[in-house]
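Note: the block below is model-v7.pdb and it holds PDB, C-alpha atoms and all ligand atoms.
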ATOM      1  CA  MET A 159       0.000   0.000   0.000
ATOM      2  CA  GLU A 160       3.052   2.306  -0.003
ATOM      3  CA  PRO A 161       4.313   2.290  -3.582
ATOM      4  CA  ALA A 162       7.806   3.629  -4.213
ATOM      5  CA  SER A 163       7.989   3.207  -7.984
ATOM      6  CA  PRO A 164       5.772   4.201 -10.918
ATOM      7  CA  GLN A 165       5.100   0.484 -11.502
ATOM      8  CA  THR A 166       3.674  -0.179  -8.053
ATOM      9  CA  GLY A 167       1.994   3.259  -8.072
ATOM     10  CA  ALA A 168       0.059   2.225 -11.198
ATOM     11  CA  THR A 169      -0.786  -1.140  -9.624
ATOM     12  CA  LEU A 170      -2.160   0.540  -6.484
ATOM     13  CA  THR A 171      -4.282   2.927  -8.575
ATOM     14  CA  LEU A 172      -5.776  -0.055 -10.405
ATOM     15  CA  PHE A 173      -6.348  -1.794  -7.068
ATOM     16  CA  TRP A 174      -8.393   1.189  -5.841
ATOM     17  CA  ILE A 175     -10.370   1.461  -9.100
ATOM     18  CA  VAL A 176     -11.287  -2.246  -9.063
ATOM     19  CA  GLY A 177     -11.884  -2.180  -5.299
ATOM     20  CA  ILE A 178     -14.244   0.801  -5.470
ATOM     21  CA  VAL A 179     -16.162  -0.577  -8.486
ATOM     22  CA  ALA A 180     -16.533  -3.934  -6.699
ATOM     23  CA  ALA A 181     -17.640  -2.233  -3.461
ATOM     24  CA  VAL A 182     -20.297  -0.185  -5.284
ATOM     25  CA  ILE A 183     -21.629  -3.319  -7.036
ATOM     26  CA  PHE A 184     -21.677  -5.213  -3.763
ATOM     27  CA  ALA A 185     -23.491  -2.400  -1.938
ATOM     28  CA  PHE A 186     -26.037  -2.084  -4.756
ATOM     29  CA  VAL A 187     -26.768  -5.830  -5.104
ATOM     30  CA  ALA A 188     -26.769  -6.568  -1.361
ATOM     31  CA  GLY A 189     -28.815  -3.437  -0.618
ATOM     32  CA  TRP A 190     -31.346  -4.254  -3.305
ATOM     33  CA  ILE A 191     -31.770  -7.826  -2.064
ATOM     34  CA  VAL A 192     -32.324  -6.650   1.523
ATOM     35  CA  TRP A 193     -34.755  -3.934   0.393
ATOM     36  CA  ASN A 194     -36.752  -6.475  -1.666
ATOM     37  CA  ILE A 195     -36.829  -9.028   1.142
ATOM     38  CA  VAL A 196     -38.217  -6.455   3.553
ATOM     39  CA  LYS A 197     -40.591  -4.636   1.217
ATOM     40  CA  TYR A 198     -42.053  -7.587  -0.707
ATOM     41  CA  ARG A 199     -42.180 -10.098   2.118
ATOM     42  CA  ALA A 200     -45.279 -12.337   1.745
ATOM     43  CA  LYS A 201     -47.943 -11.689   4.364
ATOM     44  CA  PRO A 202     -50.649 -14.181   5.334
ATOM     45  CA  GLY A 203     -53.558 -13.923   2.936
ATOM     46  CA  ASP A 204     -51.568 -12.213   0.101
ATOM     47  CA  PRO A 205     -52.618 -13.273  -3.417
ATOM     48  CA  GLU A 206     -50.018 -14.871  -5.703
ATOM     49  CA  PRO A 207     -47.817 -12.038  -7.164
ATOM     50  CA  PRO A 208     -47.903 -11.306 -10.922
ATOM     51  CA  GLN A 209     -45.595 -13.694 -12.885
ATOM     52  CA  GLU A 210     -43.053 -12.003 -15.196
ATOM     53  CA  TYR A 211     -41.576 -13.717 -18.260
ATOM     54  CA  GLY A 212     -39.196 -12.234 -20.846
ATOM     55  CA  ASN A 213     -38.952  -8.608 -19.717
ATOM     56  CA  VAL A 214     -36.791  -7.272 -22.577
ATOM     57  CA  LYS A 215     -35.947  -3.954 -20.915
ATOM     58  CA  LEU A 216     -34.802  -5.659 -17.723
ATOM     59  CA  GLU A 217     -32.755  -8.290 -19.539
ATOM     60  CA  LEU A 218     -31.026  -5.727 -21.747
ATOM     61  CA  THR A 219     -30.136  -3.648 -18.682
ATOM     62  CA  TRP A 220     -28.646  -6.490 -16.686
ATOM     63  CA  THR A 221     -26.654  -7.642 -19.708
ATOM     64  CA  ALA A 222     -25.403  -4.251 -20.890
ATOM     65  CA  VAL A 223     -24.415  -2.764 -17.530
ATOM     66  CA  PRO A 224     -22.076  -5.623 -16.488
ATOM     67  CA  ILE A 225     -20.539  -5.649 -20.000
ATOM     68  CA  LEU A 226     -19.810  -1.908 -19.736
ATOM     69  CA  ILE A 227     -18.249  -2.418 -16.306
ATOM     70  CA  ILE A 228     -16.072  -5.299 -17.560
ATOM     71  CA  VAL A 229     -14.968  -3.298 -20.619
ATOM     72  CA  PHE A 230     -14.064  -0.365 -18.360
ATOM     73  CA  LEU A 231     -12.024  -2.635 -16.046
ATOM     74  CA  PHE A 232     -10.373  -4.284 -19.051
ATOM     75  CA  PHE A 233      -9.111  -0.937 -20.353
ATOM     76  CA  ALA A 234      -8.081   0.195 -16.868
ATOM     77  CA  SER A 235      -5.997  -3.027 -16.589
ATOM     78  CA  LEU A 236      -4.557  -2.529 -20.076
ATOM     79  CA  VAL A 237      -3.421   1.020 -19.272
ATOM     80  CA  THR A 238      -1.811  -0.243 -16.037
ATOM     81  CA  MET A 239      -0.064  -3.126 -17.827
ATOM     82  CA  LEU A 240       1.366  -0.746 -20.435
ATOM     83  CA  LYS A 241       2.691   1.503 -17.654
ATOM     84  CA  ILE A 242       4.351  -1.463 -15.913
ATOM     85  CA  ASP A 243       5.539  -3.308 -19.040
ATOM     86  CA  PRO A 244       5.865  -0.784 -21.873
ATOM     87  CA  LEU A 245       5.684  -2.213 -25.398
ATOM     88  CA  GLN A 246       9.139  -2.629 -26.902
ATOM     89  CA  SER A 247      10.163  -3.821 -30.336
ATOM     90  CA  THR A 248      13.374  -5.457 -29.135
ATOM     91  CA  SER A 249      14.256  -6.695 -25.684
ATOM     92  CA  PRO A 250      16.840  -4.361 -24.112
ATOM     93  CA  GLN A 251      19.967  -5.674 -22.398
ATOM     94  CA  PRO A 252      19.207  -6.279 -18.717
ATOM     95  CA  ASP A 253      20.775  -3.867 -16.221
ATOM     96  CA  VAL A 254      20.520  -6.395 -13.393
ATOM     97  CA  VAL A 255      20.412 -10.183 -13.620
ATOM     98  CA  VAL A 256      18.945 -11.859 -10.558
ATOM     99  CA  THR A 257      19.265 -15.638 -10.289
ATOM    100  CA  ALA A 258      17.312 -17.379  -7.561
ATOM    101  CA  HIS A 259      18.907 -20.314  -5.745
ATOM    102  CA  GLN A 260      17.774 -22.514  -2.889
ATOM    103  CA  TRP A 261      17.800 -20.264  -0.791
ATOM    104  CA  TRP A 262      19.432 -17.018  -1.779
ATOM    105  CA  TRP A 263      19.667 -14.549  -4.667
ATOM    106  CA  ASP A 264      22.617 -14.083  -6.995
ATOM    107  CA  VAL A 265      22.772 -10.507  -8.306
ATOM    108  CA  ARG A 266      24.817  -9.474 -11.340
ATOM    109  CA  TYR A 267      25.218  -6.120 -13.082
ATOM    110  CA  PRO A 268      26.473  -7.185 -16.552
ATOM    111  CA  ASN A 269      27.406  -3.629 -17.617
ATOM    112  CA  LEU A 270      29.293  -2.857 -14.413
ATOM    113  CA  ARG A 271      31.126  -6.159 -13.845
ATOM    114  CA  VAL A 272      29.648  -6.314 -10.364
ATOM    115  CA  ARG A 273      28.392  -9.437  -8.649
ATOM    116  CA  THR A 274      26.792  -9.610  -5.232
ATOM    117  CA  ALA A 275      24.085 -11.514  -3.383
ATOM    118  CA  ASN A 276      20.754 -10.836  -1.705
ATOM    119  CA  GLU A 277      21.338  -7.073  -1.607
ATOM    120  CA  ILE A 278      20.462  -5.122  -4.736
ATOM    121  CA  HIS A 279      21.733  -1.573  -5.000
ATOM    122  CA  VAL A 280      19.938   0.654  -7.493
ATOM    123  CA  PRO A 281      20.191   4.324  -8.429
ATOM    124  CA  VAL A 282      16.960   6.291  -7.857
ATOM    125  CA  GLY A 283      15.136   7.774 -10.818
ATOM    126  CA  ARG A 284      16.653   5.436 -13.395
ATOM    127  CA  ARG A 285      14.538   2.847 -15.169
ATOM    128  CA  LEU A 286      16.210  -0.536 -14.805
ATOM    129  CA  TYR A 287      15.483  -3.740 -16.674
ATOM    130  CA  PHE A 288      15.734  -6.818 -14.468
ATOM    131  CA  GLN A 289      16.256 -10.339 -15.753
ATOM    132  CA  ILE A 290      14.918 -12.902 -13.288
ATOM    133  CA  ASP A 291      16.259 -16.444 -13.528
ATOM    134  CA  SER A 292      16.466 -19.561 -11.404
ATOM    135  CA  ALA A 293      19.256 -22.074 -10.929
ATOM    136  CA  ASP A 294      17.127 -24.877  -9.469
ATOM    137  CA  VAL A 295      13.387 -24.740  -8.711
ATOM    138  CA  ILE A 296      10.713 -22.107  -9.318
ATOM    139  CA  HIS A 297      11.076 -19.096  -7.048
ATOM    140  CA  ASP A 298       9.362 -15.723  -7.263
ATOM    141  CA  PHE A 299      11.007 -12.325  -7.046
ATOM    142  CA  TRP A 300       8.894  -9.823  -5.140
ATOM    143  CA  VAL A 301       9.674  -6.444  -3.610
ATOM    144  CA  PRO A 302       6.135  -5.217  -2.845
ATOM    145  CA  GLN A 303       6.900  -1.488  -2.855
ATOM    146  CA  LEU A 304       8.886  -1.642  -6.087
ATOM    147  CA  THR A 305       7.740  -4.352  -8.498
ATOM    148  CA  ARG A 306       5.020  -6.781  -9.268
ATOM    149  CA  LYS A 307       5.696 -10.433  -8.519
ATOM    150  CA  ILE A 308       7.667 -12.220 -11.194
ATOM    151  CA  ASP A 309       8.393 -15.934 -11.307
ATOM    152  CA  ALA A 310      12.003 -17.135 -11.422
ATOM    153  CA  ILE A 311      11.790 -20.199 -13.642
ATOM    154  CA  PRO A 312      14.784 -22.433 -14.466
ATOM    155  CA  GLY A 313      15.678 -22.100 -18.156
ATOM    156  CA  HIS A 314      13.081 -19.420 -18.830
ATOM    157  CA  PRO A 315      14.249 -15.906 -17.947
ATOM    158  CA  ASN A 316      11.559 -13.376 -17.107
ATOM    159  CA  TYR A 317      11.918  -9.611 -17.268
ATOM    160  CA  VAL A 318      10.573  -6.785 -15.175
ATOM    161  CA  TRP A 319      11.030  -3.007 -15.092
ATOM    162  CA  MET A 320      11.775  -1.179 -11.892
ATOM    163  CA  ASN A 321      12.581   2.420 -11.127
ATOM    164  CA  VAL A 322      12.683   3.592  -7.559
ATOM    165  CA  ASP A 323      11.426   7.103  -6.734
ATOM    166  CA  THR A 324      13.075   7.791  -3.376
ATOM    167  CA  PRO A 325      16.288   6.588  -1.698
ATOM    168  CA  GLY A 326      15.817   4.029   1.032
ATOM    169  CA  VAL A 327      15.930   0.332   1.854
ATOM    170  CA  TYR A 328      13.103  -1.779   0.494
ATOM    171  CA  ARG A 329      12.468  -5.307   1.653
ATOM    172  CA  GLY A 330      11.360  -8.154  -0.545
ATOM    173  CA  THR A 331      11.092 -11.890  -0.392
ATOM    174  CA  CYS A 332      10.634 -15.045  -2.404
ATOM    175  CA  ALA A 333       6.924 -15.416  -3.121
ATOM    176  CA  GLU A 334       6.736 -18.989  -4.419
ATOM    177  CA  PHE A 335       7.160 -21.952  -2.092
ATOM    178  CA  CYS A 336      10.556 -23.395  -2.984
ATOM    179  CA  GLY A 337      11.545 -25.729  -0.158
ATOM    180  CA  ALA A 338      12.587 -25.781   3.480
ATOM    181  CA  GLN A 339      14.056 -22.260   3.620
ATOM    182  CA  HIS A 340      11.531 -20.479   1.410
ATOM    183  CA  ALA A 341      10.827 -18.034   4.234
ATOM    184  CA  HIS A 342      14.525 -17.165   4.501
ATOM    185  CA  MET A 343      14.989 -15.848   0.985
ATOM    186  CA  ARG A 344      14.866 -12.152   1.700
ATOM    187  CA  ILE A 345      15.808  -9.403  -0.702
ATOM    188  CA  ARG A 346      17.114  -5.996   0.330
ATOM    189  CA  VAL A 347      16.917  -3.289  -2.313
ATOM    190  CA  VAL A 348      19.098  -0.316  -1.426
ATOM    191  CA  ALA A 349      18.045   2.685  -3.505
ATOM    192  CA  GLN A 350      20.697   5.381  -3.618
ATOM    193  CA  THR A 351      21.396   8.679  -5.338
ATOM    194  CA  GLU A 352      23.232   8.359  -8.647
ATOM    195  CA  GLU A 353      26.559   9.440  -7.031
ATOM    196  CA  ASP A 354      26.239   7.024  -4.111
ATOM    197  CA  PHE A 355      25.361   4.209  -6.479
ATOM    198  CA  GLU A 356      28.344   4.954  -8.751
ATOM    199  CA  ALA A 357      30.647   4.922  -5.712
ATOM    200  CA  TRP A 358      29.160   1.637  -4.525
ATOM    201  CA  ALA A 359      29.478   0.001  -7.963
ATOM    202  CA  LYS A 360      33.081   1.185  -8.351
ATOM    203  CA  GLN A 361      33.975  -0.251  -4.942
ATOM    204  CA  GLN A 362      32.160  -3.537  -5.625
ATOM    205  CA  ALA A 363      33.982  -4.031  -8.942
ATOM    206  CA  GLU A 364      37.364  -3.951  -7.206
ATOM    207  CA  VAL A 365      39.209  -7.157  -6.363
ATOM    208  CA  ALA A 366      39.209  -8.267  -2.742
ATOM    209  CA  PRO A 367      41.872  -6.616  -0.555
ATOM    210  CA  LYS A 368      44.816  -8.784   0.509
ATOM    211  CA  PRO A 369      44.637  -9.767   4.176
ATOM    212  CA  THR A 370      47.222  -8.042   6.361
ATOM    213  CA  THR A 371      46.921  -9.627   9.811
ATOM    214  CA  GLU A 372      48.382 -13.057  10.552
ATOM    215  CA  LEU A 373      44.972 -14.430  11.533
ATOM    216  CA  ALA A 374      43.291 -13.189   8.348
ATOM    217  CA  LYS A 375      46.143 -14.568   6.214
ATOM    218  CA  LYS A 376      45.643 -17.915   7.898
ATOM    219  CA  GLY A 377      41.918 -17.619   7.128
ATOM    220  CA  LEU A 378      42.615 -17.117   3.432
ATOM    221  CA  GLU A 379      44.855 -20.212   3.500
ATOM    222  CA  HIS A 380      42.039 -22.254   5.034
ATOM    223  CA  PHE A 381      39.569 -20.841   2.498
ATOM    224  CA  SER A 382      41.802 -21.830  -0.433
ATOM    225  CA  ALA A 383      42.772 -25.235   0.984
ATOM    226  CA  MET A 384      39.224 -26.373   1.728
ATOM    227  CA  ALA A 385      36.319 -26.805  -0.687
ATOM    228  CA  CYS A 386      35.183 -23.164  -0.314
ATOM    229  CA  PRO A 387      36.498 -21.867  -3.713
ATOM    230  CA  SER A 388      34.562 -24.478  -5.671
ATOM    231  CA  CYS A 389      31.284 -22.885  -4.522
ATOM    232  CA  HIS A 390      32.220 -19.283  -3.709
ATOM    233  CA  ALA A 391      33.937 -16.674  -5.850
ATOM    234  CA  ILE A 392      36.284 -14.053  -4.453
ATOM    235  CA  LEU A 393      37.723 -11.697  -7.082
ATOM    236  CA  GLY A 394      41.486 -11.635  -6.749
ATOM    237  CA  VAL A 395      41.808 -15.019  -5.042
ATOM    238  CA  PRO A 396      43.259 -17.575  -7.500
ATOM    239  CA  GLY A 397      40.955 -20.536  -8.028
ATOM    240  CA  ALA A 398      37.998 -18.956  -6.228
ATOM    241  CA  GLY A 399      35.453 -18.794  -9.020
ATOM    242  CA  GLY A 400      32.599 -21.010  -7.899
ATOM    243  CA  ALA A 401      29.074 -19.829  -8.586
ATOM    244  CA  ILE A 402      27.084 -22.369  -6.566
ATOM    245  CA  GLY A 403      27.123 -20.159  -3.466
ATOM    246  CA  PRO A 404      27.095 -16.375  -3.075
ATOM    247  CA  ASP A 405      30.003 -14.274  -4.358
ATOM    248  CA  LEU A 406      32.060 -13.297  -1.314
ATOM    249  CA  THR A 407      34.320 -10.599  -2.830
ATOM    250  CA  HIS A 408      32.651  -7.867  -0.735
ATOM    251  CA  LEU A 409      30.774 -10.024   1.764
ATOM    252  CA  ALA A 410      31.552  -7.762   4.730
ATOM    253  CA  SER A 411      29.899  -4.787   3.012
ATOM    254  CA  ARG A 412      26.496  -6.497   3.089
ATOM    255  CA  ALA A 413      23.990  -5.969   5.898
ATOM    256  CA  THR A 414      22.797  -9.536   6.355
ATOM    257  CA  LEU A 415      23.978 -13.126   5.988
ATOM    258  CA  ALA A 416      22.199 -16.187   4.587
ATOM    259  CA  SER A 417      19.748 -14.089   2.552
ATOM    260  CA  GLY A 418      18.468 -11.925   5.357
ATOM    261  CA  THR A 419      18.355 -14.670   7.983
ATOM    262  CA  ILE A 420      20.838 -13.035  10.373
ATOM    263  CA  LEU A 421      22.613  -9.694  10.651
ATOM    264  CA  ASN A 422      26.117  -9.642   9.219
ATOM    265  CA  THR A 423      28.193  -9.355  12.407
ATOM    266  CA  PRO A 424      31.492 -11.160  13.119
ATOM    267  CA  GLU A 425      29.774 -13.259  15.831
ATOM    268  CA  ASN A 426      26.965 -14.295  13.477
ATOM    269  CA  LEU A 427      29.411 -15.044  10.668
ATOM    270  CA  ARG A 428      31.383 -17.323  13.012
ATOM    271  CA  ARG A 429      28.162 -19.059  14.100
ATOM    272  CA  TRP A 430      27.176 -19.498  10.460
ATOM    273  CA  LEU A 431      30.521 -21.063   9.534
ATOM    274  CA  ALA A 432      30.419 -23.334  12.589
ATOM    275  CA  GLU A 433      26.959 -24.762  11.958
ATOM    276  CA  PRO A 434      24.953 -23.422   9.000
ATOM    277  CA  ASP A 435      22.160 -25.901   9.680
ATOM    278  CA  ALA A 436      21.557 -24.470  13.147
ATOM    279  CA  ILE A 437      20.738 -21.098  11.590
ATOM    280  CA  LYS A 438      19.152 -22.227   8.336
ATOM    281  CA  PRO A 439      18.101 -25.902   8.465
ATOM    282  CA  GLY A 440      18.400 -27.507   5.037
ATOM    283  CA  SER A 441      20.851 -24.893   3.755
ATOM    284  CA  HIS A 442      23.212 -26.215   1.071
ATOM    285  CA  MET A 443      26.177 -24.633   2.868
ATOM    286  CA  PRO A 444      27.950 -27.680   4.335
ATOM    287  CA  ASN A 445      29.143 -28.014   7.895
ATOM    288  CA  PHE A 446      32.913 -28.520   7.688
ATOM    289  CA  HIS A 447      33.244 -29.198  11.428
ATOM    290  CA  LEU A 448      35.835 -26.465  11.715
ATOM    291  CA  ASP A 449      37.829 -26.166  14.920
ATOM    292  CA  ALA A 450      37.884 -22.960  16.969
ATOM    293  CA  HIS A 451      41.100 -21.713  15.409
ATOM    294  CA  GLN A 452      39.873 -22.281  11.863
ATOM    295  CA  LEU A 453      36.629 -20.472  12.723
ATOM    296  CA  ASP A 454      38.526 -17.479  14.137
ATOM    297  CA  ALA A 455      40.868 -17.333  11.140
ATOM    298  CA  LEU A 456      38.094 -17.668   8.501
ATOM    299  CA  THR A 457      35.936 -15.087  10.292
ATOM    300  CA  ALA A 458      38.901 -12.689  10.488
ATOM    301  CA  TYR A 459      39.588 -13.146   6.782
ATOM    302  CA  LEU A 460      35.973 -12.825   5.619
ATOM    303  CA  GLU A 461      35.585  -9.654   7.707
ATOM    304  CA  THR A 462      38.338  -8.044   5.595
ATOM    305  CA  LEU A 463      36.173  -8.420   2.475
ATOM    306  CA  GLN A 464      34.724  -4.912   2.669
TER
HETATM  307 CU1  LIG B 501      12.631 -19.235  -3.228
HETATM  308 CU2  LIG B 501      10.528 -19.450  -2.146
END
Kindly transcribe the structure held in the file into structure tokens.
Ligand code: CUA
Amino acid sequence: MEPASPQTGATLTLFWIVGIVAAVIFAFVAGWIVWNIVKYRAKPGDPEPPQEYGNVKLELTWTAVPILIIVFLFFASLVTMLKIDPLQSTSPQPDVVVTAHQWWWDVRYPNLRVRTANEIHVPVGRRLYFQIDSADVIHDFWVPQLTRKIDAIPGHPNYVWMNVDTPGVYRGTCAEFCGAQHAHMRIRVVAQTEEDFEAWAKQQAEVAPKPTTELAKKGLEHFSAMACPSCHAILGVPGAGGAIGPDLTHLASRATLASGTILNTPENLRRWLAEPDAIKPGSHMPNFHLDAHQLDALTAYLETLQ
């Protein structure tokens, strides 16, 4: 009910139009029925009422009026659809490619060479074309204040326009049941001014900083020696190019972990590494049964990924 984009603004307007038309029809029909029940109630001794067959005027009225209402609603829907999905002769290149996974969102900006997860930064006032994909089952991308729902179907990309009016953080979620952690597939859209967005994108495109402390260096060694790089990418770390799990190049710059399940604090990150299943049962992040030192070192390293 609080639209923050022209797309959801148009949807809300249509909602009110349909809602008001439906309310008026309901009030009229229900009111008329009640009025007739009261006024024409049979009393003892009443004669049989006159029997009506084939009243042309009445039948024309109750056929024409609903048709006019439906035609009106049809055109109101058409106008709204054209505002949300403008006609285009060729499909433009997507500005953002979102790929749903069980249970998180991969986010790529093909023109900016930026890859992140679960947190989508957008500049305000610019119309962006989103490609919505899935890597496994059917999910559904939905940020209520910004876009309509759009299914994420494996092998069948869908597209949706979005332009955010005012800076702020907008929350979204997966809207199609997709397994055990469907409820923990949150989306955070961070809408920023053009300058703030440019600065963010420039920073995100950079390779990960080299760790400087002994503990963090040790953490990077653990990361590279274990199976981590086969699932997670970190730009600048040789061999770390996996795309099964979220890109970690700038993990520490994100507000939440595990797709909005927990806040991104060092303590939570350590808990997540120690036992992902305790935080997100069914998560595909394996439990490596790390010892305390490995946990400290990995946490120290991952916290450097600003
Ligand atoms: Cu993904 Cu529900």
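Every protein, DNA or RNA residue with an atom at most 6 Å from segment 393-395 of chain A, where all atoms listed in the file count and chain neighbours fewer than 4 positions away do not, is listed here: Val365, Ala366 and Thr407 of chain A.
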Surroundings of ligand LIG 501 (chain B) up to 9 Å, based on only C-alpha atoms and all ligand atoms, as a list in words
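Going residue by residue within 9 Å of ligand LIG 501 (chain B), we get Ala258, His259, Gln260, Trp261, Trp262, Trp263, Val295, Ile296, His297, Asp298, Phe299, Ala310, Thr331, Cys332, Ala333, Glu334, Phe335, Cys336, Gly337, Ala338, Gln339, His340, Ala341, His342, Met343 and Arg344 of chain A.
Restricting the calculation to all atoms listed in the file, the smallest distance between Lys307 of chain A and any of A:Thr166, A:Thr219, A:Gln452, A:Thr274 is found for A:Thr166.
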I'd like the residues picked by the PyMOL selection byres (((chain A and resi 434) around 12) and not hetatm) written out as a ChimeraX atom specification, using the chain letters and numbers from the file.
/A:415-416,419-420,426-433,435-448
Go ahead and save the residues from that selection, with C-alpha atoms, as a PDB file, in the frame of the given file.
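Now in selection-v4.pdb:
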ATOM      1  CA  LEU A 415      23.978 -13.126   5.988  1.00  0.00           C
ATOM      2  CA  ALA A 416      22.199 -16.187   4.587  1.00  0.00           C
ATOM      3  CA  THR A 419      18.355 -14.670   7.983  1.00  0.00           C
ATOM      4  CA  ILE A 420      20.838 -13.035  10.373  1.00  0.00           C
ATOM      5  CA  ASN A 426      26.965 -14.295  13.477  1.00  0.00           C
ATOM      6  CA  LEU A 427      29.411 -15.044  10.668  1.00  0.00           C
ATOM      7  CA  ARG A 428      31.383 -17.323  13.012  1.00  0.00           C
ATOM      8  CA  ARG A 429      28.162 -19.059  14.100  1.00  0.00           C
ATOM      9  CA  TRP A 430      27.176 -19.498  10.460  1.00  0.00           C
ATOM     10  CA  LEU A 431      30.521 -21.063   9.534  1.00  0.00           C
ATOM     11  CA  ALA A 432      30.419 -23.334  12.589  1.00  0.00           C
ATOM     12  CA  GLU A 433      26.959 -24.762  11.958  1.00  0.00           C
ATOM     13  CA  ASP A 435      22.160 -25.901   9.680  1.00  0.00           C
ATOM     14  CA  ALA A 436      21.557 -24.470  13.147  1.00  0.00           C
ATOM     15  CA  ILE A 437      20.738 -21.098  11.590  1.00  0.00           C
ATOM     16  CA  LYS A 438      19.152 -22.227   8.336  1.00  0.00           C
ATOM     17  CA  PRO A 439      18.101 -25.902   8.465  1.00  0.00           C
ATOM     18  CA  GLY A 440      18.400 -27.507   5.037  1.00  0.00           C
ATOM     19  CA  SER A 441      20.851 -24.893   3.755  1.00  0.00           C
ATOM     20  CA  HIS A 442      23.212 -26.215   1.071  1.00  0.00           C
ATOM     21  CA  MET A 443      26.177 -24.633   2.868  1.00  0.00           C
ATOM     22  CA  PRO A 444      27.950 -27.680   4.335  1.00  0.00           C
ATOM     23  CA  ASN A 445      29.143 -28.014   7.895  1.00  0.00           C
ATOM     24  CA  PHE A 446      32.913 -28.520   7.688  1.00  0.00           C
ATOM     25  CA  HIS A 447      33.244 -29.198  11.428  1.00  0.00           C
ATOM     26  CA  LEU A 448      35.835 -26.465  11.715  1.00  0.00           C
TER      27      LEU A 448
END
Picked residues, the PyMOL selection byres (((chain A and resi 250) around 12) and not hetatm), expected as a count of residues only:
18
Run the PyMOL selection byres (((chain A and resi 392) around 10) and not hetatm) against the file shown and list the residues it catches, as a PyMOL selection string.
chain A and resi 365-366+387+390-391+393-400+404-409+463
Store the residues of this selection in a file with C-alpha atoms, as an mmCIF file, keeping the file's coordinate frame.
data_model
loop_
_atom_site.group_PDB
_atom_site.id
_atom_site.type_symbol
_atom_site.label_atom_id
_atom_site.label_comp_id
_atom_site.auth_asym_id
_atom_site.auth_seq_id
_atom_site.Cartn_x
_atom_site.Cartn_y
_atom_site.Cartn_z
ATOM 1 C CA VAL A 365 39.209 -7.157 -6.363
ATOM 2 C CA ALA A 366 39.209 -8.267 -2.742
ATOM 3 C CA PRO A 387 36.498 -21.867 -3.713
ATOM 4 C CA HIS A 390 32.220 -19.283 -3.709
ATOM 5 C CA ALA A 391 33.937 -16.674 -5.850
ATOM 6 C CA LEU A 393 37.723 -11.697 -7.082
ATOM 7 C CA GLY A 394 41.486 -11.635 -6.749
ATOM 8 C CA VAL A 395 41.808 -15.019 -5.042
ATOM 9 C CA PRO A 396 43.259 -17.575 -7.500
ATOM 10 C CA GLY A 397 40.955 -20.536 -8.028
ATOM 11 C CA ALA A 398 37.998 -18.956 -6.228
ATOM 12 C CA GLY A 399 35.453 -18.794 -9.020
ATOM 13 C CA GLY A 400 32.599 -21.010 -7.899
ATOM 14 C CA PRO A 404 27.095 -16.375 -3.075
ATOM 15 C CA ASP A 405 30.003 -14.274 -4.358
ATOM 16 C CA LEU A 406 32.060 -13.297 -1.314
ATOM 17 C CA THR A 407 34.320 -10.599 -2.830
ATOM 18 C CA HIS A 408 32.651 -7.867 -0.735
ATOM 19 C CA LEU A 409 30.774 -10.024 1.764
ATOM 20 C CA LEU A 463 36.173 -8.420 2.475
#
Set the distance at 6 Å and use all atoms listed in the file: which residues neighbour Arg266 of chain A once local chain neighbours fewer than 6 positions away are removed? I'd like the list as a PyMOL selection string.
chain A and resi 254-255+272-273
Would you save the residues from that selection as a JSON list (two decimals), keeping the file's coordinate frame, using C-alpha atoms?
[["chain", "number", "residue", "atom", "x", "y", "z"],
["A", 254, "VAL", "CA", 20.52, -6.40, -13.39],
["A", 255, "VAL", "CA", 20.41, -10.18, -13.62],
["A", 272, "VAL", "CA", 29.65, -6.31, -10.36],
["A", 273, "ARG", "CA", 28.39, -9.44, -8.65]]
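From atom CA of Val237 of chain A back to atom CA of Leu170 of chain A, the distance works out to 12.9 Å.
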Separation of atom CA of Val256 of chain A from atom CA of Ile290 of chain A, in Å and rounded to one decimal:
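A separation of 5.0 Å between them.
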Return the single residue from A:Asp449, A:Val223, A:Thr351, A:Pro281 that is closest to Ile183 of chain A, with distances computed using all atoms listed in the file.
A:Val223
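Picture a line from atom CA of Asn276 of chain A to atom CA of Ala383 of chain A; it runs 26.4 Å.
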Pick out the residues sitting within 10 Å of Gly313 of chain A, and hand them over as a list in words; count all atoms listed in the file, and ignore anything fewer than 4 positions along from it in its own chain.
Asp291, Ser292, Ala293 and Asp294 of chain A
Nearest to Pro315 of chain A among A:Thr221, A:Thr457, A:Thr257, A:Gln209, with distances taken over all atoms listed in the file: which residue is it?
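Ranking A:Thr221, A:Thr457, A:Thr257, A:Gln209 by distance to Pro315 of chain A, first place goes to A:Thr257.
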Once 6 Å is added on each side, what centre and edge lengths in Å to one decimal does the axis-aligned box around all listed atoms of segment 269-285 of chain A have, as lines of an AutoDock Vina configuration file?
center_x = 22.8
center_y = -1.9
center_z = -9.6
size_x = 28.6
size_y = 31.3
size_z = 28.0
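Between Ile227 of chain A and the residues A:Lys241, A:Pro302, A:Tyr198, A:Ile178, the shortest atom-to-atom distance, using all atoms listed in the file, involves A:Ile178.
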Surrounding residues of Glu352 of chain A excluding itself and chain neighbours under 2 positions, 9 Å, all atoms listed in the file, as a PDB file with C-alpha atoms, in the frame of the given file:
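As a result, out_12.pdb now contains:
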ATOM      1  CA  VAL A 280      19.938   0.654  -7.493  1.00  0.00           C
ATOM      2  CA  PRO A 281      20.191   4.324  -8.429  1.00  0.00           C
ATOM      3  CA  VAL A 282      16.960   6.291  -7.857  1.00  0.00           C
ATOM      4  CA  GLY A 283      15.136   7.774 -10.818  1.00  0.00           C
ATOM      5  CA  ARG A 284      16.653   5.436 -13.395  1.00  0.00           C
ATOM      6  CA  GLN A 350      20.697   5.381  -3.618  1.00  0.00           C
ATOM      7  CA  ASP A 354      26.239   7.024  -4.111  1.00  0.00           C
ATOM      8  CA  PHE A 355      25.361   4.209  -6.479  1.00  0.00           C
ATOM      9  CA  GLU A 356      28.344   4.954  -8.751  1.00  0.00           C
ATOM     10  CA  ALA A 357      30.647   4.922  -5.712  1.00  0.00           C
TER      11      ALA A 357
END
